[in-house]
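Participant: This is the structure I want to talk about, given as structure tokens.
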Amino acid sequence: MPMYQVKPVSGCDVQVDLPTCMYKLPNVHAPFSRSLQNGEVDPAVKALEARQDEIMRKLYELKAAVEGLAKTVTTPDADLDLTLPFIPSHCPRTHNLLVLKSDLGALRDIVINANPAQPPLSLLVLHSLLSQRYRVLSTVHVHSSVTSVPPQLLSCLGPRHADSYARHMFQLGFTLIWKDVPKLQMKFSVQNMCPIEGEANVARFLFKLLAPYPADPAAATLVDSWLDTAFFQLVEGSTKERAAVLRALNSALGRTPWLSGPEFSLADIACYCCVLRTGSAASAPANVQRWIKSCENLGHFGPAKLLLQ
């Protein structure tokens with residue numbers, strides 16, 4: 001039973017036509033429709049689709065070719081053992097270093113950007129040592145940011161190898177680029193390593209390709225301390241700081257033949273090159289003079305001396 005009963009207000013039956021859509025507008029996409037009025041596809045659209053399909057096909061073929069090469073070509077990262085296990089001081093230290101494996105599949109490239117106004121003498125010494133252990137392909141280039149380079153800098157890595165065209169015959173590529181950079185930069189592995197900056201840090205990396213870093217933490221700290229002293233106080237310090245460094249060198253060399261103890265190390269390379277760069281060799285104390293002669297007798301510092309002549 002309804003609650004309210006109301007009489008109808010109109011007695012006639014009115015029919016109201018309701019619209020099927022709210023707004024009626026012309027199709028704004030009609031001029032760009034892929035179909036013509038007769039139902040056919042626009043030839044320009046057909047050509048664009050065919051071009052896209054061809055590009056995608058070539059990309060898939062290129063991807064397959066690259067994946068196939070990745071399975072057959074040995075990459076530099078695979079040939080370099082970057083594992084540095086800790087070895088106690090009482091164990092042999094011959095494995096605590098970066099090792100280039102003997103099975104050659106690809107050339108391991110070291111690319112260094114250096115400013116010709118500040119030649120990296122220590123890296124030239126390390127390059128000489130690397131050339132004695134590995135088959136090194138050495139090249140020197142000049143970047144467009146540098147207007148002129150002295151002739152001795154262009155030949156600082158020695159003459160061009162006769163077999164330089166056959167890269168597969170070498171184990172290590174050493175490329176030096178004279179470039180207007182504020183700090184020395186080195187790139188070894190683009191995929192797994194960021195660029196290394198600073199001559200001291202690059203020297204640490206390269207020396208690990210030659211000899212193990214001391215397993216004893218105290219000895220390793222001593223080597224790092226001499227590197228920082230050489231590059232930051234001896235090269236960039238004031239006259240008083242340089243005199244203090246020479247006195248420290250003289251005191252340390254009065255106790256041991258080399259800076260880190262009885263064996264030649266990276267500390268000797270860095271300090272010798274920095275003493276040579278600052279021109280302090282002539283006025284150095286007696287122990288430092290004797291140590292300089294001992295370094296020169298090894299024959300590894302010839303490239304650095306020739307560069308300053």
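In the structure tokens, the first chain shown is A, the next is B, and so on; residue numbers restart at 1 for each chain, and ligands run from 1 in the order shown.
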Mind checking DSSP for segment 111-203 of chain A and telling me the alpha helix (DSSP H) residues as a PyMOL selection string?
Facilitator: chain A and resi 121-133+151-154+199-203
Participant: I'd like the neighbourhood of Ala218 of chain A as a VMD selection string, where a residue qualifies if any of its atoms comes within 12 Å (using only C-alpha atoms), though same-chain residues fewer than 6 positions away should be ignored.
Facilitator: chain A and resid 89 224 to 225 260 to 261
Participant: Work out how far atom CA of Lys305 of chain A is from atom CA of Val181 of chain A, in Å to one decimal.
Facilitator: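 A separation of 23.3 Å between them.
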Participant: Wanna dump the segment 129-217 of chain A-segment 273-281 of chain A contacts at 12 Å for me, each residue with its shortest atom pair and the distance in Å to one decimal, counting only C-alpha atoms, ordered by chain and number, as JSON lines?
Facilitator:
```
{"residue": "A:Glu199", "atom": "CA", "partner": "A:Cys274", "partner_atom": "CA", "distance": 11.0}
{"residue": "A:Ala200", "atom": "CA", "partner": "A:Cys274", "partner_atom": "CA", "distance": 10.9}
{"residue": "A:Ala203", "atom": "CA", "partner": "A:Cys273", "partner_atom": "CA", "distance": 11.7}
```
Participant: Using only C-alpha atoms, pick whichever of A:Ala166, A:Leu130, A:Ala117, A:Met186 has the shortest atom-to-atom distance to Leu210 of chain A.
Facilitator: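 Once distances to Leu210 of chain A are computed over only C-alpha atoms, the minimum belongs to A:Leu130.
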Participant: Mind giving me the straight-line distance from atom CA of Leu209 of chain A to atom CA of Asn113 of chain A in Å, one decimal?
Facilitator: 19.3 Å
Participant: I'd like the interatomic distance between atom CA of Gly158 of chain A and atom CA of Ser122 of chain A, to a tenth of an Å.
Facilitator: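 According to the coordinates, atom CA of Gly158 of chain A and atom CA of Ser122 of chain A are separated by 15.4 Å.
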Participant: Point out the residue among A:Tyr60, A:Phe188, A:Tyr272, A:Phe170 with the least atom-to-atom distance to Ser131 of chain A, counting only C-alpha atoms.
Facilitator: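 Comparing A:Tyr60, A:Phe188, A:Tyr272, A:Phe170 against Ser131 of chain A, the winner is A:Phe170.
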Participant: Might you pull out every residue within 12 Å of Leu253 of chain A, with only C-alpha atoms counted and same-chain residues fewer than 3 positions away left off, and present them as a list of chain:residue names?
Facilitator: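 So, after excluding close chain neighbours, the residues are A:Leu246, A:Arg247, A:Ala248, A:Leu249, A:Asn250, A:Thr256, A:Pro257, A:Trp258, A:Leu259, A:Ser260, A:Gly261, A:Pro262, A:Asp268, A:Cys271, A:Pro285, A:Ala286, A:Asn287, A:Val288, A:Gln289, A:Arg290, A:Trp291, A:Ile292, A:Ser294.
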Participant: For those residues, write N, CA and C atoms to a file as a PDB file, in the first residue's frame.
Facilitator:
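Okay, result05.pdb is ready:
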```
ATOM      1  N   LEU A 246     112.833  15.985   3.608  1.00  0.00           N
ATOM      2  CA  LEU A 246     114.197  15.516   3.348  1.00  0.00           C
ATOM      3  C   LEU A 246     114.866  15.040   4.636  1.00  0.00           C
ATOM      4  N   ARG A 247     114.603  15.726   5.746  1.00  0.00           N
ATOM      5  CA  ARG A 247     115.164  15.269   7.019  1.00  0.00           C
ATOM      6  C   ARG A 247     114.557  13.931   7.431  1.00  0.00           C
ATOM      7  N   ALA A 248     113.262  13.756   7.185  1.00  0.00           N
ATOM      8  CA  ALA A 248     112.621  12.476   7.502  1.00  0.00           C
ATOM      9  C   ALA A 248     113.167  11.360   6.622  1.00  0.00           C
ATOM     10  N   LEU A 249     113.393  11.651   5.341  1.00  0.00           N
ATOM     11  CA  LEU A 249     113.997  10.662   4.450  1.00  0.00           C
ATOM     12  C   LEU A 249     115.395  10.286   4.923  1.00  0.00           C
ATOM     13  N   ASN A 250     116.170  11.267   5.296  1.00  0.00           N
ATOM     14  CA  ASN A 250     117.539  11.015   5.743  1.00  0.00           C
ATOM     15  C   ASN A 250     117.558  10.157   7.009  1.00  0.00           C
ATOM     16  N   THR A 256     117.542   1.857   7.430  1.00  0.00           N
ATOM     17  CA  THR A 256     117.342   0.784   6.449  1.00  0.00           C
ATOM     18  C   THR A 256     117.796   1.265   5.078  1.00  0.00           C
ATOM     19  N   PRO A 257     118.199   0.341   4.196  1.00  0.00           N
ATOM     20  CA  PRO A 257     118.668   0.752   2.864  1.00  0.00           C
ATOM     21  C   PRO A 257     117.548   1.331   1.996  1.00  0.00           C
ATOM     22  N   TRP A 258     116.312   0.888   2.215  1.00  0.00           N
ATOM     23  CA  TRP A 258     115.178   1.386   1.448  1.00  0.00           C
ATOM     24  C   TRP A 258     114.136   1.937   2.411  1.00  0.00           C
ATOM     25  N   LEU A 259     113.205   2.702   1.902  1.00  0.00           N
ATOM     26  CA  LEU A 259     112.283   3.435   2.767  1.00  0.00           C
ATOM     27  C   LEU A 259     111.341   2.525   3.545  1.00  0.00           C
ATOM     28  N   SER A 260     110.945   1.414   2.969  1.00  0.00           N
ATOM     29  CA  SER A 260     110.014   0.520   3.652  1.00  0.00           C
ATOM     30  C   SER A 260     110.702  -0.666   4.304  1.00  0.00           C
ATOM     31  N   GLY A 261     112.018  -0.665   4.327  1.00  0.00           N
ATOM     32  CA  GLY A 261     112.728  -1.773   4.954  1.00  0.00           C
ATOM     33  C   GLY A 261     113.871  -2.268   4.096  1.00  0.00           C
ATOM     34  N   PRO A 262     114.128  -3.558   4.130  1.00  0.00           N
ATOM     35  CA  PRO A 262     115.264  -4.087   3.377  1.00  0.00           C
ATOM     36  C   PRO A 262     115.004  -4.277   1.890  1.00  0.00           C
ATOM     37  N   ASP A 268     109.914   3.916  -2.563  1.00  0.00           N
ATOM     38  CA  ASP A 268     111.166   4.409  -3.133  1.00  0.00           C
ATOM     39  C   ASP A 268     110.939   5.045  -4.505  1.00  0.00           C
ATOM     40  N   CYS A 271     109.050   8.532  -3.887  1.00  0.00           N
ATOM     41  CA  CYS A 271     109.888   9.560  -3.257  1.00  0.00           C
ATOM     42  C   CYS A 271     111.038   9.974  -4.171  1.00  0.00           C
ATOM     43  N   PRO A 285     120.486  15.507   2.030  1.00  0.00           N
ATOM     44  CA  PRO A 285     121.467  15.010   3.004  1.00  0.00           C
ATOM     45  C   PRO A 285     122.204  13.775   2.501  1.00  0.00           C
ATOM     46  N   ALA A 286     123.185  13.328   3.289  1.00  0.00           N
ATOM     47  CA  ALA A 286     124.094  12.255   2.849  1.00  0.00           C
ATOM     48  C   ALA A 286     123.360  10.940   2.611  1.00  0.00           C
ATOM     49  N   ASN A 287     122.492  10.541   3.533  1.00  0.00           N
ATOM     50  CA  ASN A 287     121.776   9.269   3.361  1.00  0.00           C
ATOM     51  C   ASN A 287     120.850   9.315   2.145  1.00  0.00           C
ATOM     52  N   VAL A 288     120.260  10.457   1.909  1.00  0.00           N
ATOM     53  CA  VAL A 288     119.389  10.587   0.738  1.00  0.00           C
ATOM     54  C   VAL A 288     120.207  10.535  -0.546  1.00  0.00           C
ATOM     55  N   GLN A 289     121.386  11.135  -0.549  1.00  0.00           N
ATOM     56  CA  GLN A 289     122.266  11.073  -1.722  1.00  0.00           C
ATOM     57  C   GLN A 289     122.667   9.631  -2.027  1.00  0.00           C
ATOM     58  N   ARG A 290     122.998   8.891  -0.992  1.00  0.00           N
ATOM     59  CA  ARG A 290     123.367   7.481  -1.192  1.00  0.00           C
ATOM     60  C   ARG A 290     122.191   6.682  -1.720  1.00  0.00           C
ATOM     61  N   TRP A 291     121.009   6.967  -1.194  1.00  0.00           N
ATOM     62  CA  TRP A 291     119.807   6.259  -1.639  1.00  0.00           C
ATOM     63  C   TRP A 291     119.474   6.609  -3.094  1.00  0.00           C
ATOM     64  N   ILE A 292     119.674   7.850  -3.496  1.00  0.00           N
ATOM     65  CA  ILE A 292     119.426   8.252  -4.884  1.00  0.00           C
ATOM     66  C   ILE A 292     120.336   7.482  -5.835  1.00  0.00           C
ATOM     67  N   SER A 294     121.628   4.552  -5.257  1.00  0.00           N
ATOM     68  CA  SER A 294     121.172   3.157  -5.261  1.00  0.00           C
ATOM     69  C   SER A 294     119.974   2.978  -6.187  1.00  0.00           C
TER      70      SER A 294
END
```
Participant: Kindly indicate which residue among A:Pro43, A:Ser283, A:Ala215, A:Arg204 lies nearest to Ala243 of chain A, using only C-alpha atoms for the distances.
Facilitator: A:Ser283
